[in-house]
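Shown next: final-v9.txt, given as compact mmCIF, C-alpha atoms.
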```txt
# COMPACT_ATOMS: atom_id res chain seq x y z
CA MET R 1 126.91 -7.51 -145.27
CA ASP R 2 127.17 -10.16 -148.01
CA LYS R 3 126.63 -8.94 -151.57
CA VAL R 4 128.50 -5.85 -152.69
CA ILE R 5 129.35 -4.00 -155.90
CA GLY R 6 132.43 -1.97 -156.71
CA TYR R 7 132.23 1.43 -158.38
CA ILE R 8 135.06 3.12 -160.26
CA ARG R 9 135.03 6.44 -162.08
CA THR R 10 137.91 7.98 -164.02
CA SER R 11 137.79 11.24 -165.94
CA THR R 12 139.99 10.27 -168.89
CA THR R 13 140.71 7.15 -170.90
CA LYS R 14 144.42 7.65 -170.20
CA GLN R 15 143.96 6.41 -166.64
CA ASN R 16 143.99 2.70 -167.54
CA ILE R 17 146.67 1.91 -164.97
CA SER R 18 144.59 3.65 -162.33
CA ILE R 19 141.54 1.64 -163.36
CA LYS R 20 143.40 -1.66 -163.10
CA LYS R 21 144.82 -0.69 -159.71
CA GLN R 22 141.39 0.34 -158.39
CA ARG R 23 139.83 -2.90 -159.61
CA GLN R 24 142.53 -4.94 -157.90
CA ASP R 25 142.24 -2.94 -154.66
CA ILE R 26 138.47 -3.52 -154.55
CA LYS R 27 138.90 -7.24 -155.25
CA ASP R 28 141.60 -7.55 -152.60
CA TYR R 29 139.43 -5.79 -150.02
CA CYS R 30 136.42 -8.00 -150.70
CA ARG R 31 138.58 -11.11 -150.54
CA LYS R 32 140.06 -10.00 -147.21
CA GLU R 33 136.65 -9.16 -145.74
CA HIS R 34 134.98 -12.29 -147.20
CA LEU R 35 132.47 -10.26 -149.22
CA GLU R 36 130.72 -11.50 -152.34
CA LEU R 37 131.68 -9.07 -155.10
CA ILE R 38 128.84 -9.24 -157.63
CA GLU R 39 130.22 -6.73 -160.10
CA ILE R 40 132.56 -3.81 -160.53
CA ILE R 41 130.84 -0.97 -162.35
CA SER R 42 133.32 1.22 -164.16
CA GLU R 43 132.88 4.56 -165.90
CA GLU R 44 136.02 5.09 -167.89
CA GLY R 45 136.84 8.32 -169.66
CA ILE R 46 133.85 10.17 -168.18
CA SER R 47 134.91 13.79 -167.84
CA GLY R 48 133.25 16.45 -165.74
CA ASN R 49 131.45 17.80 -168.80
CA LYS R 50 129.83 14.53 -169.87
CA VAL R 51 126.24 13.64 -169.01
CA ASN R 52 126.22 10.09 -170.37
CA ARG R 53 126.80 8.23 -167.12
CA ASP R 54 124.87 4.99 -167.42
CA GLY R 55 127.20 3.30 -164.94
CA PHE R 56 126.30 5.71 -162.15
CA GLY R 57 122.60 5.36 -162.96
CA ARG R 58 122.80 1.57 -162.90
CA MET R 59 124.60 1.64 -159.56
CA MET R 60 121.92 3.92 -158.10
CA GLU R 61 119.16 1.66 -159.40
CA MET R 62 120.74 -1.27 -157.55
CA VAL R 63 121.03 0.80 -154.36
CA GLU R 64 117.45 2.08 -154.57
CA ALA R 65 116.10 -1.41 -155.24
CA GLY R 66 118.02 -2.87 -152.31
CA ASN R 67 119.73 -5.42 -154.56
CA VAL R 68 123.08 -5.04 -152.78
CA ASP R 69 124.27 -4.77 -149.20
CA GLY R 70 127.14 -2.42 -149.90
CA VAL R 71 129.12 -0.33 -152.40
CA ILE R 72 132.91 -0.37 -152.40
CA THR R 73 134.55 2.65 -153.99
CA MET R 74 137.87 4.43 -153.79
CA TRP R 75 136.41 7.89 -153.07
CA VAL R 76 132.84 8.47 -151.93
CA SER R 77 133.37 12.20 -152.52
CA ARG R 78 134.10 11.57 -156.22
CA ALA R 79 131.27 9.14 -156.90
CA GLY R 80 129.05 11.90 -158.26
CA ARG R 81 130.09 14.09 -161.15
CA ARG R 82 128.28 16.95 -159.44
CA ALA R 83 127.39 17.74 -155.85
CA HIS R 84 123.74 16.69 -156.18
CA GLU R 85 124.81 13.25 -157.43
CA THR R 86 127.13 12.77 -154.46
CA ILE R 87 124.34 13.83 -152.09
CA ARG R 88 121.91 11.41 -153.70
CA PHE R 89 124.44 8.57 -153.61
CA ILE R 90 125.16 9.05 -149.91
CA THR R 91 121.61 9.73 -148.70
CA GLU R 92 120.01 6.92 -150.71
CA SER R 93 122.61 4.47 -149.47
CA LEU R 94 122.11 5.47 -145.84
CA GLU R 95 118.32 5.38 -146.13
CA LYS R 96 118.35 1.94 -147.77
CA GLY R 97 120.85 0.55 -145.27
CA VAL R 98 123.41 -0.01 -148.00
CA ALA R 99 126.92 0.25 -146.57
CA LEU R 100 129.37 2.67 -148.19
CA ILE R 101 133.04 1.82 -147.96
CA SER R 102 135.63 4.27 -149.27
CA LEU R 103 139.06 2.68 -149.43
CA LYS R 104 140.97 5.95 -149.85
CA GLU R 105 138.95 8.12 -147.47
CA GLY R 106 138.64 5.48 -144.77
CA ILE R 107 134.85 5.73 -144.62
CA ASP R 108 132.83 2.70 -143.55
CA THR R 109 129.17 3.44 -142.81
CA ARG R 110 128.81 0.19 -140.91
CA THR R 111 130.32 2.15 -138.02
CA PRO R 112 128.84 5.22 -136.26
CA GLY R 113 131.93 7.28 -137.14
CA GLY R 114 131.71 6.26 -140.78
CA ARG R 115 128.05 7.21 -140.98
CA MET R 116 128.85 10.59 -139.45
CA GLN R 117 131.63 11.16 -141.99
CA ALA R 118 129.32 10.32 -144.88
CA LYS R 119 126.56 12.57 -143.56
CA MET R 120 128.95 15.49 -143.11
CA MET R 121 130.24 14.94 -146.63
CA ALA R 122 126.67 15.14 -147.93
CA VAL R 123 126.07 18.36 -145.97
CA TRP R 124 129.20 19.96 -147.42
CA ALA R 125 128.28 18.89 -150.94
CA GLU R 126 124.73 20.19 -150.48
CA GLU R 127 125.96 23.58 -149.26
CA GLU R 128 128.27 23.84 -152.26
CA LEU R 129 125.35 22.96 -154.54
CA ILE R 130 123.10 25.59 -152.95
CA GLN R 131 125.69 28.31 -153.49
CA ILE R 132 126.21 27.31 -157.13
CA GLN R 133 122.47 27.21 -157.79
CA GLU R 134 121.93 30.61 -156.21
CA ARG R 135 124.60 32.20 -158.39
CA ILE R 136 122.99 30.67 -161.47
CA ARG R 137 119.52 31.85 -160.43
CA ASP R 138 120.76 35.39 -159.92
CA ALA R 139 122.27 35.38 -163.40
CA ILE R 140 119.25 34.05 -165.30
CA ARG R 141 116.19 35.14 -163.28
CA TYR R 142 115.45 38.25 -165.31
CA LYS R 143 115.78 36.61 -168.74
CA LYS R 144 113.80 33.56 -167.67
CA SER R 145 110.92 35.61 -166.29
CA ASN R 146 110.69 37.49 -169.57
CA GLY R 147 110.85 34.47 -171.84
CA LEU R 148 114.29 35.40 -173.17
CA VAL R 149 117.11 33.04 -174.09
CA TYR R 150 119.41 32.64 -171.12
CA ASN R 151 121.85 29.91 -172.14
CA GLY R 152 123.62 28.61 -175.20
CA SER R 153 120.92 26.16 -176.33
CA PRO R 154 117.18 25.78 -175.74
CA ALA R 155 116.01 23.21 -173.20
CA TYR R 156 114.03 20.16 -174.25
CA GLY R 157 110.42 21.16 -174.78
CA THR R 158 111.36 24.55 -176.19
CA TYR R 159 112.76 26.21 -179.28
CA VAL R 160 114.10 29.68 -179.87
CA LYS R 161 112.94 32.19 -182.45
CA ASN R 162 114.09 35.81 -182.58
CA GLY R 163 115.55 35.55 -179.09
CA LEU R 164 112.31 34.31 -177.47
CA ILE R 165 111.54 30.87 -176.05
CA TYR R 166 108.59 28.99 -177.54
CA ALA R 167 106.97 25.71 -176.49
CA ASP R 168 107.64 22.76 -178.78
CA ASP R 169 104.33 20.85 -178.95
CA PHE R 170 105.81 17.39 -179.56
CA GLU R 171 108.56 17.70 -176.99
CA MET R 172 106.16 19.08 -174.38
CA LYS R 173 104.07 15.91 -174.74
CA ILE R 174 107.17 13.92 -173.81
CA VAL R 175 107.85 16.29 -170.90
CA ARG R 176 104.32 15.75 -169.55
CA ASN R 177 104.69 11.99 -169.97
CA ILE R 178 107.88 12.08 -167.91
CA LYS R 179 106.05 13.93 -165.14
CA ASN R 180 103.12 11.48 -165.22
CA GLN R 181 105.47 8.50 -165.05
CA ARG R 182 107.32 9.98 -162.06
CA THR R 183 103.96 10.62 -160.37
CA ARG R 184 103.13 6.93 -160.84
CA GLY R 185 106.39 5.95 -159.18
CA TRP R 186 108.54 5.16 -162.21
CA THR R 187 112.29 5.31 -161.57
CA TRP R 188 114.52 7.50 -163.72
CA TYR R 189 116.06 4.33 -165.18
CA LYS R 190 112.67 2.92 -166.18
CA ILE R 191 111.70 6.20 -167.87
CA MET R 192 115.02 6.31 -169.73
CA LYS R 193 114.61 2.72 -170.89
CA ARG R 194 111.08 3.39 -172.14
CA LEU R 195 112.06 6.51 -174.10
CA ASN R 196 114.90 4.65 -175.77
CA GLU R 197 112.69 1.65 -176.55
CA LEU R 198 110.24 3.98 -178.29
CA GLU R 199 113.18 5.69 -180.05
CA ILE R 200 112.06 9.13 -178.86
CA PRO R 201 114.82 11.49 -180.08
CA THR R 202 116.74 13.69 -177.69
CA LYS R 203 117.17 17.40 -178.31
CA MET R 204 120.29 16.82 -180.39
CA ARG R 205 118.65 14.02 -182.42
CA LYS R 206 121.87 12.00 -182.20
CA GLY R 207 124.06 10.00 -179.87
CA ARG R 208 123.19 6.92 -177.88
CA GLY R 209 119.73 8.00 -176.85
CA TRP R 210 118.47 9.24 -173.51
CA THR R 211 120.44 9.15 -170.27
CA ILE R 212 119.15 9.47 -166.72
CA ASN R 213 120.80 12.87 -166.29
CA GLN R 214 119.18 14.23 -169.46
CA ILE R 215 115.74 13.20 -168.19
CA LYS R 216 116.40 14.77 -164.80
CA GLN R 217 117.46 18.01 -166.44
CA VAL R 218 114.25 18.10 -168.49
CA TYR R 219 112.14 17.47 -165.38
CA SER R 220 114.04 20.05 -163.33
CA PHE R 221 113.73 22.73 -166.00
CA HIS R 222 109.95 22.41 -166.30
CA TYR R 223 108.83 21.36 -162.82
CA GLU R 224 111.37 22.57 -160.26
CA GLY R 225 112.23 26.14 -159.35
CA SER R 226 110.80 29.05 -161.32
CA THR R 227 108.48 28.05 -164.16
CA PRO R 228 109.86 29.27 -167.50
CA VAL R 229 107.70 31.55 -169.63
CA LEU R 230 106.98 29.70 -172.88
CA ILE R 231 105.25 31.32 -175.79
CA LYS R 232 102.66 29.03 -177.36
```
When written as structure tokens, how does the structure in this file appear?
Amino acid sequence: MDKVIGYIRTSTTKQNISIKKQRQDIKDYCRKEHLELIEIISEEGISGNKVNRDGFGRMMEMVEAGNVDGVITMWVSRAGRRAHETIRFITESLEKGVALISLKEGIDTRTPGGRMQAKMMAVWAEEELIQIQERIRDAIRYKKSNGLVYNGSPAYGTYVKNGLIYADDFEMKIVRNIKNQRTRGWTWYKIMKRLNELEIPTKMRKGRGWTINQIKQVYSFHYEGSTPVLIK
């Protein structure tokens, strides 16, 4: 293992001391192990309710592309904001042969024991995700099947009128383009970059543009699980 990146995530901007300490710990470890530290990717002040996580997306792009040999982090279990992100991080890394080293959890997937720990962590996270998803499905299945509003705001590709969900013609064109691009093998990052280059507005029509998580949520809503009933 030669080239590695560090990854740090903190939930509030008040954790500056923690950030500095984590950076130094990662640098010290790489120096001790004679590893080439290309970059330390840091997501500072990213709370559990935020979806703008470009740092995580960039790290995953590097893992998927095989641009690094390893990722050094403090907690593998906290890399993802949600369970599905942690699962993706672990499984993609293992499949690509990218080593995961967790300084606080003592995980090093260059060893059989470390790989087993990481796999078990992914299993636990996946089981937690399944249970959460099932509870959500039970709560919204009836409303969704009848084309009724079932959350606080309409999903991209839809709008609400008199309590019913209608298809938004312009946004649905973007939704179909996202599906076509994924079918052609585009990565989430490439799709995000293209949407932002074309200045396609998000649902809120404000902010910094599209993020990888927003695009995934759009794709999941329209093409995974139960198909929503949209009134034309």
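Shortest separation to Pro154 in chain R among R:Phe56, R:Phe89, R:Phe221, R:Phe170 occurs at residue R:Phe221, atoms counted being all atoms listed in the file.
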Inset, instruction - Work out how far CA of Trp188 in chain R is from CA of Gly114 in chain R, in Å to one decimal. - result: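 So the two atoms, CA of Gly114 in chain R and CA of Trp188 in chain R, lie 28.7 Å apart.
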Inset, instruction - Using all atoms listed in the file, pick whichever of R:Gly157, R:Gly55, R:Gly209, R:Gly185 has the shortest atom-to-atom distance to Ser42 in chain R. - result: R:Gly55
Legend entry - Residue neighbourhood Val71 in chain R, 7 Å, only C-alpha atoms, exclusion window fewer than 4 positions, as a list in words: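 Once the adjacent positions are removed, what remains is Val4, Ile5, Gly6, Tyr7, Ala99, Leu100 and Ile101 of chain R.
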Expected file contents, prior selection, C-alpha atoms, as a compact mmCIF listing (two decimals), in the frame of the given file:
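Below you can see result13.txt, which holds the result:
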```
# COMPACT_ATOMS: atom_id res chain seq x y z
CA VAL R 4 128.50 -5.85 -152.69
CA ILE R 5 129.35 -4.00 -155.90
CA GLY R 6 132.43 -1.97 -156.71
CA TYR R 7 132.23 1.43 -158.38
CA ALA R 99 126.92 0.25 -146.57
CA LEU R 100 129.37 2.67 -148.19
CA ILE R 101 133.04 1.82 -147.96
```
Legend entry - Closest of R:Ile130, R:Val218, R:Val123, R:Ile107 to Ile87 in chain R - atom-to-atom distances counting all atoms listed in the file: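 That would be R:Val123, the residue with the smallest distance to Ile87 in chain R.
You will find CA of Tyr159 in chain R at 9.8 Å from CA of Glu171 in chain R.
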Legend entry - Top pick for closest residue to Thr73 in chain R, considering R:Asp54, R:Asp25, R:Asp2, R:Glu134 and counting all atoms listed in the file: R:Asp25
Block slice range 190-224 of chain R, N, CA, C and O atoms, emitted as a compact mmCIF listing (two decimals), in the first residue's frame:
```
# COMPACT_ATOMS: atom_id res chain seq x y z
N LYS R 190 -20.28 12.26 -11.75
CA LYS R 190 -20.32 12.81 -13.10
C LYS R 190 -21.69 13.41 -13.41
O LYS R 190 -21.79 14.48 -14.03
N ILE R 191 -22.75 12.74 -12.96
CA ILE R 191 -24.11 13.25 -13.17
C ILE R 191 -24.29 14.57 -12.42
O ILE R 191 -24.83 15.54 -12.96
N MET R 192 -23.83 14.61 -11.17
CA MET R 192 -23.92 15.83 -10.37
C MET R 192 -23.19 16.99 -11.06
O MET R 192 -23.72 18.09 -11.17
N LYS R 193 -21.99 16.71 -11.53
CA LYS R 193 -21.19 17.74 -12.18
C LYS R 193 -21.90 18.28 -13.42
O LYS R 193 -21.93 19.49 -13.67
N ARG R 194 -22.49 17.38 -14.20
CA ARG R 194 -23.18 17.78 -15.42
C ARG R 194 -24.40 18.65 -15.12
O ARG R 194 -24.63 19.68 -15.76
N LEU R 195 -25.20 18.25 -14.14
CA LEU R 195 -26.38 19.03 -13.77
C LEU R 195 -25.99 20.43 -13.31
O LEU R 195 -26.66 21.41 -13.66
N ASN R 196 -24.93 20.52 -12.55
CA ASN R 196 -24.49 21.83 -12.06
C ASN R 196 -23.88 22.67 -13.17
O ASN R 196 -24.04 23.90 -13.19
N GLU R 197 -23.20 22.02 -14.13
CA GLU R 197 -22.66 22.76 -15.27
C GLU R 197 -23.77 23.36 -16.11
O GLU R 197 -23.65 24.48 -16.62
N LEU R 198 -24.87 22.63 -16.25
CA LEU R 198 -26.01 23.10 -17.03
C LEU R 198 -26.92 24.03 -16.21
O LEU R 198 -27.91 24.53 -16.74
N GLU R 199 -26.58 24.20 -14.92
CA GLU R 199 -27.35 25.06 -14.02
C GLU R 199 -28.80 24.62 -13.92
O GLU R 199 -29.73 25.44 -13.89
N ILE R 200 -29.00 23.29 -13.90
CA ILE R 200 -30.35 22.75 -13.68
C ILE R 200 -30.71 22.99 -12.21
O ILE R 200 -29.99 22.55 -11.32
N PRO R 201 -31.80 23.67 -11.93
CA PRO R 201 -32.13 23.99 -10.53
C PRO R 201 -32.57 22.75 -9.74
O PRO R 201 -33.16 21.82 -10.30
N THR R 202 -32.29 22.75 -8.47
CA THR R 202 -32.79 21.71 -7.59
C THR R 202 -34.23 22.03 -7.23
O THR R 202 -34.80 23.02 -7.69
N LYS R 203 -34.83 21.19 -6.40
CA LYS R 203 -36.22 21.41 -6.02
C LYS R 203 -36.40 22.74 -5.30
O LYS R 203 -37.40 23.44 -5.50
N MET R 204 -35.43 23.11 -4.48
CA MET R 204 -35.55 24.33 -3.69
C MET R 204 -35.14 25.58 -4.47
O MET R 204 -35.30 26.69 -4.00
N ARG R 205 -34.56 25.38 -5.67
CA ARG R 205 -34.15 26.51 -6.51
C ARG R 205 -33.16 27.44 -5.79
O ARG R 205 -33.11 28.63 -6.03
N LYS R 206 -32.37 26.88 -4.88
CA LYS R 206 -31.38 27.71 -4.19
C LYS R 206 -30.28 26.81 -3.66
O LYS R 206 -30.29 25.61 -3.83
N GLY R 207 -29.30 27.42 -3.01
CA GLY R 207 -28.20 26.65 -2.46
C GLY R 207 -27.04 26.55 -3.41
O GLY R 207 -26.87 27.35 -4.34
N ARG R 208 -26.21 25.55 -3.21
CA ARG R 208 -24.99 25.40 -3.98
C ARG R 208 -25.15 24.47 -5.18
O ARG R 208 -24.18 24.06 -5.78
N GLY R 209 -26.35 24.15 -5.53
CA GLY R 209 -26.56 23.23 -6.64
C GLY R 209 -26.77 21.81 -6.16
O GLY R 209 -27.03 21.55 -4.99
N TRP R 210 -26.64 20.88 -7.10
CA TRP R 210 -26.90 19.47 -6.81
C TRP R 210 -25.77 18.84 -6.00
O TRP R 210 -24.62 19.19 -6.15
N THR R 211 -26.15 17.87 -5.18
CA THR R 211 -25.19 17.02 -4.48
C THR R 211 -25.44 15.58 -4.89
O THR R 211 -26.51 15.24 -5.43
N ILE R 212 -24.49 14.72 -4.62
CA ILE R 212 -24.63 13.30 -4.96
C ILE R 212 -25.82 12.69 -4.23
O ILE R 212 -26.60 11.93 -4.81
N ASN R 213 -25.99 13.02 -2.96
CA ASN R 213 -27.11 12.45 -2.20
C ASN R 213 -28.46 12.88 -2.74
O ASN R 213 -29.42 12.10 -2.75
N GLN R 214 -28.57 14.13 -3.19
CA GLN R 214 -29.84 14.59 -3.77
C GLN R 214 -30.18 13.78 -5.01
O GLN R 214 -31.33 13.39 -5.21
N ILE R 215 -29.19 13.53 -5.85
CA ILE R 215 -29.42 12.77 -7.08
C ILE R 215 -29.83 11.34 -6.75
O ILE R 215 -30.73 10.77 -7.37
N LYS R 216 -29.17 10.75 -5.78
CA LYS R 216 -29.52 9.38 -5.36
C LYS R 216 -30.94 9.31 -4.84
O LYS R 216 -31.67 8.33 -5.10
N GLN R 217 -31.35 10.32 -4.10
CA GLN R 217 -32.71 10.33 -3.55
C GLN R 217 -33.74 10.43 -4.67
O GLN R 217 -34.78 9.77 -4.61
N VAL R 218 -33.45 11.24 -5.69
CA VAL R 218 -34.35 11.35 -6.83
C VAL R 218 -34.47 10.00 -7.53
O VAL R 218 -35.57 9.52 -7.85
N TYR R 219 -33.33 9.37 -7.78
CA TYR R 219 -33.31 8.07 -8.48
C TYR R 219 -34.06 7.02 -7.66
O TYR R 219 -34.86 6.25 -8.20
N SER R 220 -33.79 6.98 -6.36
CA SER R 220 -34.42 5.99 -5.49
C SER R 220 -35.94 6.17 -5.46
O SER R 220 -36.69 5.20 -5.50
N PHE R 221 -36.39 7.42 -5.39
CA PHE R 221 -37.83 7.68 -5.31
C PHE R 221 -38.57 7.16 -6.54
O PHE R 221 -39.64 6.57 -6.43
N HIS R 222 -37.97 7.37 -7.72
CA HIS R 222 -38.67 7.04 -8.96
C HIS R 222 -38.39 5.63 -9.48
O HIS R 222 -39.22 5.07 -10.20
N TYR R 223 -37.26 5.04 -9.12
CA TYR R 223 -36.86 3.79 -9.77
C TYR R 223 -36.53 2.65 -8.82
O TYR R 223 -36.17 1.56 -9.26
N GLU R 224 -36.65 2.85 -7.53
CA GLU R 224 -36.39 1.77 -6.58
C GLU R 224 -37.61 1.64 -5.65
O GLU R 224 -38.21 2.63 -5.27
```
